[in-house]
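Novice: Structure file work_6.txt (compact mmCIF, C-alpha atoms and all ligand atoms) right here:
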```txt
# COMPACT_ATOMS: atom_id res chain seq x y z
CA MET E 1 85.72 91.21 111.03
CA ARG E 2 86.67 93.79 108.42
CA ARG E 3 90.36 94.71 108.41
CA SER E 4 90.77 98.49 108.50
CA LEU E 5 92.42 100.15 105.53
CA ILE E 6 94.22 103.46 105.42
CA ALA E 7 94.85 104.57 101.85
CA ALA E 8 97.00 107.52 100.85
CA ASN E 9 95.84 109.45 97.82
CA TRP E 10 98.86 111.50 96.81
CA LYS E 11 96.92 113.09 93.93
CA MET E 12 99.34 115.08 91.71
CA HIS E 13 102.12 115.35 94.28
CA LYS E 14 105.69 114.08 94.65
CA LYS E 15 108.55 113.19 92.37
CA ILE E 16 109.94 109.67 92.12
CA ASP E 17 112.75 110.13 94.63
CA GLU E 18 110.33 111.62 97.16
CA GLY E 19 107.94 108.71 96.72
CA LEU E 20 110.74 106.18 97.12
CA SER E 21 112.08 107.70 100.30
CA PHE E 22 108.54 107.78 101.74
CA ILE E 23 108.16 104.02 101.05
CA THR E 24 111.60 103.30 102.53
CA GLY E 25 110.65 105.13 105.72
CA LEU E 26 107.20 103.56 105.88
CA LYS E 27 108.62 100.03 105.49
CA GLU E 28 110.79 100.57 108.58
CA LYS E 29 107.75 101.43 110.68
CA TYR E 30 105.18 99.07 109.21
CA PRO E 31 105.48 95.48 110.47
CA ARG E 32 103.78 92.88 108.29
CA THR E 33 101.64 91.96 111.30
CA HIS E 34 100.21 95.48 111.55
CA PRO E 35 96.44 95.33 112.08
CA VAL E 36 95.75 98.07 109.50
CA GLU E 37 96.16 97.49 105.76
CA VAL E 38 98.04 100.27 103.98
CA VAL E 39 97.77 101.34 100.34
CA ILE E 40 99.69 104.17 98.66
CA CYS E 41 97.94 105.58 95.56
CA ALA E 42 100.58 107.53 93.69
CA PRO E 43 100.99 109.29 90.35
CA PHE E 44 101.50 107.00 87.34
CA THR E 45 105.12 108.06 86.80
CA MET E 46 106.31 106.37 89.99
CA LEU E 47 104.02 103.33 90.29
CA PHE E 48 106.52 100.79 88.98
CA ALA E 49 109.37 102.08 91.14
CA LEU E 50 107.20 102.22 94.28
CA ALA E 51 105.80 98.72 93.71
CA GLU E 52 109.36 97.35 93.42
CA LYS E 53 110.39 99.14 96.59
CA ALA E 54 107.32 97.93 98.48
CA LEU E 55 107.67 94.30 97.41
CA GLY E 56 107.29 91.91 100.34
CA SER E 57 106.50 94.72 102.83
CA GLY E 58 102.74 94.25 102.99
CA ILE E 59 102.30 97.81 101.67
CA SER E 60 100.19 97.86 98.50
CA ILE E 61 100.54 100.36 95.69
CA GLY E 62 97.58 101.79 93.80
CA ALA E 63 96.84 104.01 90.80
CA GLN E 64 94.38 106.92 90.93
CA ASN E 65 92.51 106.23 87.70
CA LEU E 66 92.37 103.92 84.69
CA TYR E 67 90.82 103.75 81.26
CA TRP E 68 88.40 100.90 80.58
CA GLU E 69 89.82 99.71 77.25
CA LYS E 70 92.64 97.16 77.47
CA LYS E 71 94.80 98.81 74.79
CA GLY E 72 94.50 100.86 71.62
CA ALA E 73 94.68 104.35 70.21
CA TYR E 74 93.72 106.29 73.33
CA THR E 75 96.45 108.88 73.66
CA GLY E 76 97.27 109.72 77.25
CA GLU E 77 95.28 106.91 78.84
CA THR E 78 96.42 103.96 80.97
CA SER E 79 94.66 100.60 81.08
CA GLY E 80 94.02 98.25 83.98
CA GLN E 81 96.45 95.69 82.64
CA MET E 82 99.18 98.33 82.46
CA ILE E 83 98.54 99.23 86.07
CA VAL E 84 98.80 95.57 87.09
CA ASP E 85 101.93 95.27 84.97
CA ALA E 86 103.46 98.15 86.95
CA GLY E 87 102.92 96.14 90.15
CA CYS E 88 99.76 97.74 91.49
CA GLU E 89 97.08 95.92 93.46
CA TYR E 90 94.65 98.82 93.84
CA VAL E 91 93.07 101.61 91.83
CA ILE E 92 90.94 104.57 92.94
CA ILE E 93 87.87 105.04 90.74
CA GLY E 94 85.31 107.83 90.72
CA HIS E 95 87.18 110.36 92.83
CA SER E 96 85.24 113.62 93.02
CA GLU E 97 88.15 115.51 91.46
CA ARG E 98 87.86 113.28 88.39
CA ARG E 99 84.11 113.77 88.33
CA GLN E 100 84.46 117.53 88.76
CA TYR E 101 87.49 118.43 86.60
CA PHE E 102 87.37 115.62 84.04
CA HIS E 103 83.59 115.26 83.88
CA GLU E 104 83.48 111.56 84.71
CA THR E 105 79.96 110.23 84.85
CA ASN E 106 78.49 107.35 86.83
CA VAL E 107 78.31 105.35 83.59
CA GLU E 108 82.04 105.83 82.98
CA VAL E 109 82.82 105.05 86.59
CA ASN E 110 80.88 101.80 86.17
CA LYS E 111 82.90 100.85 83.05
CA LYS E 112 86.12 101.56 84.93
CA ILE E 113 85.08 99.41 87.89
CA LYS E 114 84.28 96.52 85.54
CA ALA E 115 87.61 96.95 83.72
CA ALA E 116 89.48 96.94 87.04
CA HIS E 117 87.67 93.80 88.12
CA ALA E 118 88.57 92.08 84.84
CA GLU E 119 92.23 92.66 85.72
CA ARG E 120 91.72 91.54 89.34
CA LEU E 121 92.56 94.99 90.66
CA ASN E 122 91.09 96.02 93.98
CA VAL E 123 88.98 99.13 93.61
CA ILE E 124 88.53 102.06 95.96
CA PHE E 125 85.23 103.41 94.65
CA CYS E 126 84.57 107.02 95.73
CA ILE E 127 81.17 108.61 96.24
CA GLY E 128 80.05 111.77 98.00
CA GLU E 129 77.92 114.89 97.77
CA SER E 130 78.81 118.54 97.20
CA LEU E 131 78.06 121.29 99.68
CA THR E 132 75.14 122.53 97.56
CA GLU E 133 73.67 119.04 97.46
CA ARG E 134 74.08 118.62 101.23
CA GLU E 135 72.47 121.99 101.90
CA ALA E 136 69.58 121.07 99.61
CA GLY E 137 69.02 117.92 101.66
CA GLN E 138 70.09 115.66 98.77
CA THR E 139 73.00 113.84 100.41
CA PHE E 140 71.34 110.43 100.55
CA THR E 141 69.81 110.59 97.07
CA VAL E 142 73.13 111.65 95.48
CA VAL E 143 75.11 108.95 97.26
CA GLN E 144 72.48 106.34 96.41
CA LYS E 145 72.51 107.24 92.70
CA GLN E 146 76.33 107.18 92.54
CA LEU E 147 76.43 103.83 94.30
CA ILE E 148 73.69 102.11 92.31
CA GLU E 149 74.79 103.40 88.91
CA GLY E 150 78.48 102.79 89.69
CA LEU E 151 77.81 99.19 90.71
CA GLU E 152 75.35 98.44 87.90
CA GLY E 153 75.89 94.87 86.67
CA ILE E 154 78.54 94.10 89.32
CA SER E 155 78.14 90.63 90.82
CA GLU E 156 78.31 89.87 94.52
CA ASP E 157 81.58 88.02 93.86
CA ALA E 158 83.08 91.06 92.18
CA LEU E 159 81.97 93.20 95.11
CA GLU E 160 84.57 91.47 97.28
CA SER E 161 87.36 93.36 95.53
CA ILE E 162 85.66 96.72 96.03
CA THR E 163 86.18 99.09 98.95
CA LEU E 164 83.86 102.08 99.09
CA ALA E 165 85.04 105.53 100.09
CA TYR E 166 82.56 108.14 101.25
CA GLU E 167 84.14 111.51 100.57
CA PRO E 168 81.89 114.53 101.07
CA ILE E 169 83.28 117.02 98.56
CA TRP E 170 82.94 119.92 100.98
CA ALA E 171 85.36 118.18 103.35
CA ILE E 172 88.09 117.47 100.77
CA GLY E 173 91.17 119.62 101.21
CA THR E 174 89.17 122.23 103.09
CA GLY E 175 90.19 121.37 106.65
CA VAL E 176 86.48 120.97 107.40
CA THR E 177 85.93 117.36 108.44
CA ALA E 178 82.52 115.76 108.59
CA THR E 179 81.61 115.27 112.24
CA PRO E 180 81.51 111.65 113.37
CA GLU E 181 77.69 111.99 113.36
CA GLN E 182 77.58 113.30 109.78
CA ALA E 183 79.98 110.66 108.48
CA GLY E 184 78.46 107.89 110.57
CA GLU E 185 74.92 108.38 109.29
CA VAL E 186 76.01 108.27 105.64
CA HIS E 187 78.19 105.19 106.24
CA THR E 188 75.30 103.40 107.91
CA PHE E 189 73.05 104.40 105.00
CA ILE E 190 75.59 103.06 102.47
CA ARG E 191 75.85 99.73 104.29
CA LYS E 192 72.05 99.48 104.30
CA LEU E 193 72.03 100.07 100.53
CA ILE E 194 74.57 97.28 100.00
CA ARG E 195 72.38 95.01 102.12
CA GLU E 196 69.33 95.87 99.98
CA GLN E 197 71.11 95.67 96.61
CA PHE E 198 73.16 92.57 97.42
CA SER E 199 72.88 90.71 100.72
CA ASP E 200 73.57 90.75 104.47
CA PRO E 201 76.95 89.01 104.11
CA ALA E 202 77.96 91.40 101.31
CA ALA E 203 77.10 94.38 103.53
CA GLU E 204 78.97 92.90 106.49
CA LYS E 205 82.10 92.32 104.40
CA MET E 206 82.06 95.68 102.62
CA ARG E 207 84.72 98.11 103.81
CA ILE E 208 83.60 101.72 103.76
CA LEU E 209 86.35 104.33 104.14
CA TYR E 210 85.84 107.95 105.08
CA GLY E 211 87.75 110.67 103.23
CA GLY E 212 87.85 114.44 103.66
CA SER E 213 90.39 116.25 105.85
CA VAL E 214 91.31 113.14 107.86
CA LYS E 215 94.15 114.18 110.15
CA PRO E 216 96.05 112.80 113.15
CA GLY E 217 93.80 114.96 115.36
CA ASN E 218 90.48 113.50 114.20
CA VAL E 219 91.34 109.99 113.01
CA ASP E 220 90.69 108.18 116.32
CA GLN E 221 87.20 109.65 116.64
CA LEU E 222 86.24 108.78 113.06
CA MET E 223 87.69 105.26 113.12
CA ALA E 224 85.88 104.50 116.37
CA LEU E 225 82.57 104.35 114.49
CA ASP E 226 81.26 100.87 113.66
CA ASP E 227 80.52 101.63 110.02
CA ILE E 228 83.82 103.40 109.27
CA ASP E 229 86.46 100.88 108.23
CA GLY E 230 89.34 103.17 107.39
CA GLY E 231 90.29 106.35 105.63
CA LEU E 232 91.22 107.70 102.22
CA VAL E 233 93.63 110.52 102.94
CA GLY E 234 94.97 113.32 100.78
CA GLY E 235 96.90 116.14 102.47
CA ALA E 236 97.84 114.30 105.68
CA SER E 237 99.24 111.35 103.70
CA LEU E 238 101.99 113.41 102.10
CA GLU E 239 104.23 113.63 105.18
CA LEU E 240 105.49 110.32 106.55
CA SER E 241 105.19 111.47 110.17
CA SER E 242 101.49 112.34 109.92
CA PHE E 243 100.74 109.27 107.79
CA LEU E 244 102.33 107.05 110.46
CA GLN E 245 100.08 108.63 113.07
CA LEU E 246 97.07 107.88 110.87
CA ILE E 247 97.85 104.20 110.36
CA ASN E 248 98.47 103.85 114.08
CA PHE E 249 95.08 105.29 115.04
CA LYS E 250 93.69 104.14 118.35
CA SER E 251 90.86 101.72 117.90
CA SER E 252 88.19 101.84 120.54
P1 LIG Z 1 92.15 115.56 101.96
O1 LIG Z 1 92.55 114.50 102.97
O2 LIG Z 1 93.31 116.41 101.53
O3 LIG Z 1 90.95 116.33 102.39
O4 LIG Z 1 91.73 114.77 100.62
C1 LIG Z 1 90.79 113.76 100.72
C2 LIG Z 1 90.74 113.03 99.44
O5 LIG Z 1 90.28 113.55 98.44
C3 LIG Z 1 91.29 111.67 99.39
O6 LIG Z 1 90.95 111.03 98.21
```
Is it possible to give me this structure as structure tokens?
Specialist:
Amino acid sequence: MRRSLIAANWKMHKKIDEGLSFITGLKEKYPRTHPVEVVICAPFTMLFALAEKALGSGISIGAQNLYWEKKGAYTGETSGQMIVDAGCEYVIIGHSERRQYFHETNVEVNKKIKAAHAERLNVIFCIGESLTEREAGQTFTVVQKQLIEGLEGISEDALESITLAYEPIWAIGTGVTATPEQAGEVHTFIRKLIREQFSDPAAEKMRILYGGSVKPGNVDQLMALDDIDGGLVGGASLELSSFLQLINFKSS
């Protein structure tokens, strides 16, 4: 059985005191025995403070990016070992906003995944098509290329520390959610690809999150699907009250 995961992606939001009070509130409502795993991916400035606050709570802290070199003259970048040093257990890699605004390629995403693995960081690896690509009937080919190129040279062992996140770009921050049918068919396709590229057990173990306007009002429906193992949430993760509703989704 795959344990569901709800991950908050705070993107470029919140100051340190706001992040800390969110974690304090979440800890009060999140028993260690909770069936859903919870990860908070926050801006770099507050990672260390949040990880200290979350210690022993079962809540994991994650970064939203890394650079693949361990150290060196790379002004403005942050390495995997620095993220681990700050107390993080997770890192998001390949988010569409990084691909779109910072021109990250599949090759770079692949280097980042390998660097994260070398530091024993768990990866949330994002893939997903744009509206133009969906309308041109290219959803499956785009997702397949991102997945195969992103996982190039990754062993089946390493795959165990990777969680995939299918995030159709047209559903991110737009309020337009993929219907359970639209999300479900891509998730099933992704699991089939993992089966073909790796093995049956690898596909069975792989968690595949859905991201794109996940909200308290649609989370139950999405999480009810067999191939959806959790969510990667932007907007609705910023308020504690809505985030609590998300992690307490009703499983079918
Ligand atoms: P929204 O939940 O705001 O649509 O963002 C989704 C996302 O990009 C999570 O990584």
Novice: Between CA of Asp227 (chain E) and CA of Ala136 (chain E), what is the distance, to one decimal in Å?
Specialist: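 Value for the CA of Asp227 (chain E)-CA of Ala136 (chain E) distance: 24.6 Å.
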Novice: Choose the residue, out of E:Leu131, E:Lys111, E:Lys192, E:Gly231, that has the smallest atom-to-atom separation from Tyr166 (chain E); count all atoms listed in the file.
Specialist: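 So, comparing all the options, the nearest one is E:Gly231.
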Novice: Any residue with an atom at most 10 Å from ligand LIG 1 (chain Z) counts, using all atoms listed in the file. Which are they? Put them as number ranges by chain.
Specialist: E: 7-11, 41, 64, 92, 94-97, 124, 126, 165-177, 210-215, 231-238
Novice: Show me, as an NGL selection string, the residues that have an atom within 10 Å of Lys205 (chain E) when counting all atoms listed in the file, minus same-chain residues fewer than 6 positions from it.
Specialist: :E and (1-3 or 159-160 or 163 or 191)
Novice: For Ser155 (chain E), which residue among E:His117, E:Gly137, E:Ser241, E:Val143 is the nearest when counting all atoms listed in the file?
Specialist: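 Distance minimum relative to Ser155 (chain E) lands on E:His117.
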Novice: If I take CA of Trp68 (chain E) and CA of Met206 (chain E), how far is one from the other in Å, to one decimal?
Specialist: 23.5 Å
Novice: Using CA of Glu156 (chain E) and CA of Ser199 (chain E) as the two end points, give the distance in Å to one decimal.
Specialist: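 Separation of CA of Glu156 (chain E) and CA of Ser199 (chain E): 8.3 Å.
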Novice: Here is a test: counting only C-alpha atoms, which residue of E:Gln81, E:Thr188, E:Thr132, E:Gln146 is nearest to Thr105 (chain E)?
Specialist: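 Looking only at the distances to Thr105 (chain E), the closest residue turns out to be E:Gln146.
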Novice: Do a neighbour search on region 37-40 of chain E at 9 Å with only C-alpha atoms, toss out local chain neighbours closer than 6 positions, and write the hits as a PyMOL selection string.
Specialist: chain E and resi 3-10+23+30+50+58-63+89-90+237+247
Novice: Could you tell me which of E:Glu52, E:Glu108, E:Asp17, E:Asp226 comes closest to Leu66 (chain E) if we count all atoms listed in the file?
Specialist: E:Glu108
Novice: I'd like to know which of E:Thr45, E:Thr141, E:Asn65, E:Asn218 is closest to Phe102 (chain E), using only C-alpha atoms.
Specialist: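 Counting only C-alpha atoms, the residue closest to Phe102 (chain E) is E:Asn65.
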Novice: Name the closest residue to Glu69 (chain E) among the candidates E:Ala118, E:Gln221, E:Val91, E:Phe48; distances are taken between atoms, counting all atoms listed in the file.
Specialist: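 Result for the nearest residue to Glu69 (chain E): E:Ala118.
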Novice: Extract, using all atoms listed in the file, all DNA, RNA and protein residues at most 8 Å from Leu193 (chain E), discarding same-chain residues fewer than 4 positions from it, and format them as a list of chain:residue names.
Specialist: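 Result of the neighbour search: E:Gln144, E:Phe189, E:Gln197.
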